[in-house]
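Data block for coords30.cif (mmCIF, C-alpha atoms, pLDDT in the B column; chains and numbers go by the auth columns):
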```cif
data_upload
loop_
_atom_site.group_PDB
_atom_site.id
_atom_site.type_symbol
_atom_site.label_atom_id
_atom_site.label_comp_id
_atom_site.label_asym_id
_atom_site.label_seq_id
_atom_site.Cartn_x
_atom_site.Cartn_y
_atom_site.Cartn_z
_atom_site.B_iso_or_equiv
_atom_site.auth_seq_id
_atom_site.auth_asym_id
ATOM 1 C CA MET A 1 -92.959 49.619 75.281 59.00 47 A
ATOM 2 C CA ARG A 2 -93.441 46.377 73.342 56.00 48 A
ATOM 3 C CA PHE A 3 -94.712 44.709 76.498 52.00 49 A
ATOM 4 C CA PHE A 4 -97.234 47.504 76.959 50.00 50 A
ATOM 5 C CA LEU A 5 -98.506 47.196 73.363 49.00 51 A
ATOM 6 C CA LEU A 6 -98.713 43.420 73.595 49.00 52 A
ATOM 7 C CA SER A 7 -100.606 43.695 76.891 50.00 53 A
ATOM 8 C CA LEU A 8 -102.988 46.218 75.369 48.00 54 A
ATOM 9 C CA VAL A 9 -103.690 43.976 72.369 49.00 55 A
ATOM 10 C CA LEU A 10 -104.288 40.937 74.599 49.00 56 A
ATOM 11 C CA LEU A 11 -106.535 42.918 76.909 49.00 57 A
ATOM 12 C CA THR A 12 -108.559 44.188 73.959 49.00 58 A
ATOM 13 C CA LEU A 13 -108.947 40.709 72.474 47.00 59 A
ATOM 14 C CA THR A 14 -109.962 39.067 75.741 45.00 60 A
ATOM 15 C CA SER A 15 -112.352 41.837 76.766 44.00 61 A
ATOM 16 C CA CYS A 16 -114.225 41.458 73.480 48.00 62 A
ATOM 17 C CA ALA A 17 -114.704 37.744 73.978 50.00 63 A
ATOM 18 C CA VAL A 18 -118.321 36.704 73.798 56.00 64 A
ATOM 19 C CA PHE A 19 -119.811 34.218 76.243 65.00 65 A
ATOM 20 C CA GLN A 20 -120.592 31.233 74.010 84.00 66 A
ATOM 21 C CA PRO A 21 -121.313 28.185 76.151 93.00 67 A
ATOM 22 C CA LYS A 22 -121.621 24.796 74.497 94.00 68 A
ATOM 23 C CA ASN A 23 -123.707 23.247 77.293 95.00 69 A
ATOM 24 C CA PHE A 24 -126.567 24.461 79.449 95.00 70 A
ATOM 25 C CA ALA A 25 -125.808 25.056 83.123 95.00 71 A
ATOM 26 C CA THR A 26 -127.289 22.496 85.524 96.00 72 A
ATOM 27 C CA GLU A 27 -129.390 25.150 87.256 97.00 73 A
ATOM 28 C CA ALA A 28 -130.824 26.299 83.910 96.00 74 A
ATOM 29 C CA LEU A 29 -131.713 22.722 82.999 97.00 75 A
ATOM 30 C CA GLN A 30 -133.525 22.270 86.299 98.00 76 A
ATOM 31 C CA GLU A 31 -135.722 25.358 85.927 97.00 77 A
ATOM 32 C CA GLU A 32 -139.405 24.533 85.920 97.00 78 A
ATOM 33 C CA LEU A 33 -141.496 25.715 82.990 98.00 79 A
ATOM 34 C CA LEU A 34 -145.178 25.155 82.258 97.00 80 A
ATOM 35 C CA THR A 35 -146.809 23.239 79.432 97.00 81 A
ATOM 36 C CA LEU A 36 -149.901 24.423 77.568 96.00 82 A
ATOM 37 C CA ASP A 37 -151.953 22.407 80.083 96.00 83 A
ATOM 38 C CA ARG A 38 -150.188 24.186 82.949 97.00 84 A
ATOM 39 C CA ASN A 39 -148.244 21.090 83.959 98.00 85 A
ATOM 40 C CA PRO A 40 -144.715 21.646 85.284 98.00 86 A
ATOM 41 C CA ILE A 41 -141.810 20.459 83.151 98.00 87 A
ATOM 42 C CA SER A 42 -138.095 21.091 83.564 98.00 88 A
ATOM 43 C CA PHE A 43 -136.051 22.516 80.730 97.00 89 A
ATOM 44 C CA GLN A 44 -133.998 19.288 80.915 97.00 90 A
ATOM 45 C CA GLU A 45 -137.151 17.237 80.266 98.00 91 A
ATOM 46 C CA ILE A 46 -137.948 19.364 77.224 98.00 92 A
ATOM 47 C CA LEU A 47 -134.469 18.753 75.831 97.00 93 A
ATOM 48 C CA ASN A 48 -134.674 15.039 76.700 96.00 94 A
ATOM 49 C CA ASN A 49 -138.009 14.767 74.878 97.00 95 A
ATOM 50 C CA ASN A 50 -136.188 16.018 71.777 96.00 96 A
ATOM 51 C CA LYS A 51 -132.962 14.061 72.240 95.00 97 A
ATOM 52 C CA GLY A 52 -131.190 13.140 69.027 95.00 98 A
ATOM 53 C CA LYS A 53 -132.842 15.985 67.088 96.00 99 A
ATOM 54 C CA LYS A 54 -131.686 19.440 66.121 96.00 100 A
ATOM 55 C CA LYS A 55 -133.565 22.086 68.038 97.00 101 A
ATOM 56 C CA PHE A 56 -134.517 25.650 67.177 97.00 102 A
ATOM 57 C CA ILE A 57 -135.386 27.545 70.360 97.00 103 A
ATOM 58 C CA GLN A 58 -137.012 30.947 70.441 97.00 104 A
ATOM 59 C CA VAL A 59 -137.540 32.965 73.614 97.00 105 A
ATOM 60 C CA PHE A 60 -140.295 35.520 73.077 96.00 106 A
ATOM 61 C CA ALA A 61 -143.376 37.207 74.501 96.00 107 A
ATOM 62 C CA THR A 62 -146.746 37.302 72.771 95.00 108 A
ATOM 63 C CA TYR A 63 -147.196 40.999 73.634 94.00 109 A
ATOM 64 C CA CYS A 64 -143.821 42.050 72.170 94.00 110 A
ATOM 65 C CA PRO A 65 -144.074 43.712 68.722 95.00 111 A
ATOM 66 C CA VAL A 66 -140.517 42.684 67.817 95.00 112 A
ATOM 67 C CA SER A 67 -141.305 39.066 68.721 94.00 113 A
ATOM 68 C CA GLN A 68 -144.499 39.238 66.657 93.00 114 A
ATOM 69 C CA ASP A 69 -142.576 40.595 63.667 94.00 115 A
ATOM 70 C CA SER A 70 -140.033 37.769 63.970 95.00 116 A
ATOM 71 C CA PHE A 71 -142.659 35.067 63.426 95.00 117 A
ATOM 72 C CA ASP A 72 -142.767 35.747 59.668 94.00 118 A
ATOM 73 C CA ASP A 73 -139.056 34.907 59.487 94.00 119 A
ATOM 74 C CA VAL A 74 -139.563 31.870 61.706 96.00 120 A
ATOM 75 C CA LEU A 75 -142.314 30.598 59.379 95.00 121 A
ATOM 76 C CA VAL A 76 -139.944 30.862 56.396 94.00 122 A
ATOM 77 C CA PHE A 77 -137.227 29.107 58.428 95.00 123 A
ATOM 78 C CA GLN A 78 -139.688 26.332 59.355 95.00 124 A
ATOM 79 C CA GLU A 79 -140.598 25.871 55.704 95.00 125 A
ATOM 80 C CA LYS A 80 -136.928 25.481 54.751 93.00 126 A
ATOM 81 C CA ASN A 81 -136.108 23.259 57.760 94.00 127 A
ATOM 82 C CA PRO A 82 -139.073 20.981 58.504 94.00 128 A
ATOM 83 C CA LYS A 83 -137.049 18.228 60.210 93.00 129 A
ATOM 84 C CA ILE A 84 -135.943 20.419 63.120 95.00 130 A
ATOM 85 C CA GLU A 85 -137.810 20.509 66.427 97.00 131 A
ATOM 86 C CA TYR A 86 -139.170 23.957 67.213 98.00 132 A
ATOM 87 C CA ILE A 87 -139.356 24.964 70.856 98.00 133 A
ATOM 88 C CA PHE A 88 -140.894 28.279 71.865 98.00 134 A
ATOM 89 C CA LEU A 89 -140.312 29.634 75.361 97.00 135 A
ATOM 90 C CA SER A 90 -142.471 32.540 76.479 97.00 136 A
ATOM 91 C CA VAL A 91 -141.661 35.179 79.070 96.00 137 A
ATOM 92 C CA ASP A 92 -145.146 36.718 79.008 96.00 138 A
ATOM 93 C CA HIS A 93 -146.425 38.579 82.081 95.00 139 A
ATOM 94 C CA SER A 94 -148.620 35.662 83.138 96.00 140 A
ATOM 95 C CA TYR A 95 -149.633 32.169 82.093 96.00 141 A
ATOM 96 C CA PHE A 96 -153.078 33.477 81.120 96.00 142 A
ATOM 97 C CA ASP A 97 -151.652 36.312 78.999 96.00 143 A
ATOM 98 C CA TRP A 98 -149.430 33.760 77.254 96.00 144 A
ATOM 99 C CA LYS A 99 -152.299 31.344 76.546 96.00 145 A
ATOM 100 C CA ARG A 100 -154.469 34.155 75.207 96.00 146 A
ATOM 101 C CA GLY A 101 -151.608 35.521 73.099 95.00 147 A
ATOM 102 C CA LEU A 102 -150.856 32.128 71.526 95.00 148 A
ATOM 103 C CA GLU A 103 -154.121 32.386 69.598 93.00 149 A
ATOM 104 C CA ASN A 104 -152.373 34.954 67.374 91.00 150 A
ATOM 105 C CA ILE A 105 -149.043 33.160 67.030 92.00 151 A
ATOM 106 C CA PRO A 106 -148.726 31.477 63.617 92.00 152 A
ATOM 107 C CA VAL A 107 -145.659 29.282 64.254 94.00 153 A
ATOM 108 C CA LYS A 108 -145.996 25.577 64.966 94.00 154 A
ATOM 109 C CA GLY A 109 -143.977 23.730 67.543 97.00 155 A
ATOM 110 C CA GLN A 110 -143.698 23.026 71.236 98.00 156 A
ATOM 111 C CA HIS A 111 -144.755 25.937 73.428 98.00 157 A
ATOM 112 C CA TYR A 112 -143.759 26.456 77.065 98.00 158 A
ATOM 113 C CA TYR A 113 -144.091 29.278 79.550 97.00 159 A
ATOM 114 C CA ILE A 114 -141.203 30.443 81.765 97.00 160 A
ATOM 115 C CA PRO A 115 -142.845 31.649 85.008 96.00 161 A
ATOM 116 C CA LYS A 116 -139.610 33.208 86.303 94.00 162 A
ATOM 117 C CA LYS A 117 -139.083 35.016 82.997 90.00 163 A
ATOM 118 C CA GLY A 118 -135.535 36.406 82.763 87.00 164 A
ATOM 119 C CA LYS A 119 -135.043 36.294 86.547 92.00 165 A
ATOM 120 C CA GLY A 120 -134.723 32.521 86.940 94.00 166 A
ATOM 121 C CA ALA A 121 -131.722 30.283 86.353 96.00 167 A
ATOM 122 C CA LEU A 122 -132.551 29.787 82.670 96.00 168 A
ATOM 123 C CA GLY A 123 -132.930 33.527 82.043 94.00 169 A
ATOM 124 C CA GLU A 124 -129.717 34.254 83.916 94.00 170 A
ATOM 125 C CA PHE A 125 -127.831 31.555 82.015 95.00 171 A
ATOM 126 C CA LEU A 126 -129.092 32.978 78.718 93.00 172 A
ATOM 127 C CA LYS A 127 -128.237 36.488 79.919 91.00 173 A
ATOM 128 C CA LEU A 128 -131.732 37.303 78.744 89.00 174 A
ATOM 129 C CA LYS A 129 -131.972 41.057 78.352 88.00 175 A
ATOM 130 C CA THR A 130 -133.926 41.364 75.109 90.00 176 A
ATOM 131 C CA ILE A 131 -136.397 39.332 73.107 94.00 177 A
ATOM 132 C CA PRO A 132 -136.806 37.667 70.743 95.00 178 A
ATOM 133 C CA ARG A 133 -133.833 35.408 71.247 95.00 179 A
ATOM 134 C CA PHE A 134 -132.902 32.414 69.089 96.00 180 A
ATOM 135 C CA LEU A 135 -130.724 29.395 69.831 96.00 181 A
ATOM 136 C CA ILE A 136 -129.729 26.305 67.871 96.00 182 A
ATOM 137 C CA VAL A 137 -128.979 23.091 69.772 96.00 183 A
ATOM 138 C CA ASP A 138 -127.587 20.060 67.955 95.00 184 A
ATOM 139 C CA GLU A 139 -128.610 16.410 68.215 94.00 185 A
ATOM 140 C CA ALA A 140 -126.141 15.803 71.049 93.00 186 A
ATOM 141 C CA GLY A 141 -127.536 18.708 73.088 93.00 187 A
ATOM 142 C CA LYS A 142 -124.617 21.059 72.377 95.00 188 A
ATOM 143 C CA ILE A 143 -125.410 24.722 71.875 95.00 189 A
ATOM 144 C CA LYS A 144 -124.381 25.726 68.359 95.00 190 A
ATOM 145 C CA VAL A 145 -125.861 29.229 68.330 94.00 191 A
ATOM 146 C CA PHE A 146 -126.188 30.792 71.755 91.00 192 A
ATOM 147 C CA LYS A 147 -127.303 34.295 70.976 87.00 193 A
ATOM 148 C CA SER A 148 -129.062 35.581 67.934 89.00 194 A
ATOM 149 C CA SER A 149 -131.667 38.319 68.011 89.00 195 A
ATOM 150 C CA LYS A 150 -133.105 37.440 64.614 87.00 196 A
ATOM 151 C CA VAL A 151 -133.511 34.577 62.208 88.00 197 A
ATOM 152 C CA SER A 152 -130.446 34.845 59.996 78.00 198 A
ATOM 153 C CA GLU A 153 -127.870 32.975 57.962 71.00 199 A
ATOM 154 C CA LYS A 154 -126.048 32.378 61.249 72.00 200 A
ATOM 155 C CA LEU A 155 -128.897 30.081 62.297 78.00 201 A
ATOM 156 C CA GLU A 156 -129.289 28.574 58.846 75.00 202 A
ATOM 157 C CA ASN A 157 -125.590 27.626 58.721 75.00 203 A
ATOM 158 C CA HIS A 158 -125.913 25.563 61.909 73.00 204 A
ATOM 159 C CA VAL A 159 -128.875 23.462 60.864 74.00 205 A
ATOM 160 C CA GLN A 160 -127.569 22.173 57.535 71.00 206 A
#
```

This structure in structure tokens:
Amino acid sequence: MRFFLLSLVLLTLTSCAVFQPKNFATEALQEELLTLDRNPISFQEILNNNKGKKKFIQVFATYCPVSQDSFDDVLVFQEKNPKIEYIFLSVDHSYFDWKRGLENIPVKGQHYYIPKKGKGALGEFLKLKTIPRFLIVDEAGKIKVFKSSKVSEKLENHVQ
């Protein structure tokens, strides 16, 4: 009986474990995104361009009302944390929809478009089911916050 209870407790604890990687998968890093000028750039290049800096990454879509609502919180976060690099990754329907939608996006930072949306290696690695999605990556490139659906104290605690 004790063995059964112990097994049940262990099973419960391990089944509730959350996937929290510390590093990006190689395939995710190799995924090709597009710059504002429609030039290809790998996710690895984006991270390399910001090496040695803390990074706030938001995955969003310009057409998504929840993403649009989140930008007010992001603006407050940017005001409190001006030394962080802000990277915005869009999963809009098309490059043209994304470019048009950016005209109404108030946040400042680096903007990229993910052509494969949630179906590519990056989306699969992130287990991208909903947007917006927020990540914090430290100066060494380690993922500190892997999954947050809103700007919160959880993010704030990892940038101080």

field: Residue IDs satisfying the PyMOL selection byres ((chain A and resi 87-104) around 7), as an MDAnalysis selection string
entry: chainID A and resid 75:81 85:86 105:106 130:135 178:186

task: Specify as number ranges by chain each residue included when the PyMOL selection byres ((chain A and resi 127) around 12) is applied to this file.
output: A: 100-102, 120-126, 128-132, 201-206

- prompt: For this file, the PyMOL selection byres ((chain A and resi 136-143) around 12) selects which residues, as a ChimeraX atom specification?
  reply: /A:79-85,103-110,113,133-135,144-151,156-166,168-169,174-179

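Straight-line separation from atom CA of Lys154 of chain A to atom CA of Leu172 of chain A: 23.0 Å.
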
message: Rounded to one decimal, what separation in Å do you get between atom CA of Ser198 of chain A and atom CA of Phe171 of chain A?
response: 22.4 Å

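Picture a line from atom CA of Lys68 of chain A to atom CA of Ala167 of chain A; it runs 16.5 Å.
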
- request: Would you mind telling me which residue in A:Glu170, A:Lys200, A:Ser116, A:Lys193 lies nearest to Glu73 of chain A when using all atoms listed in the file?
  value: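 Ranked by minimum distance to Glu73 of chain A, first place goes to A:Glu170.
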
- request: Counting all atoms listed in the file, figure out which residue out of A:Val197, A:Phe192, A:Val112, A:Gly155 gets nearest to Lys173 of chain A.
  value: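 Of all the options, A:Phe192 lies closest to Lys173 of chain A.
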
Put the listed atoms of segment 78-88 of chain A in a box along x, y and z with 6 Å added on every side and give me the centre and edge lengths in Å to one decimal, as JSON.
```
{"center_x": -145.0, "center_y": 23.1, "center_z": 81.7, "size_x": 25.9, "size_y": 17.3, "size_z": 20.4}
```
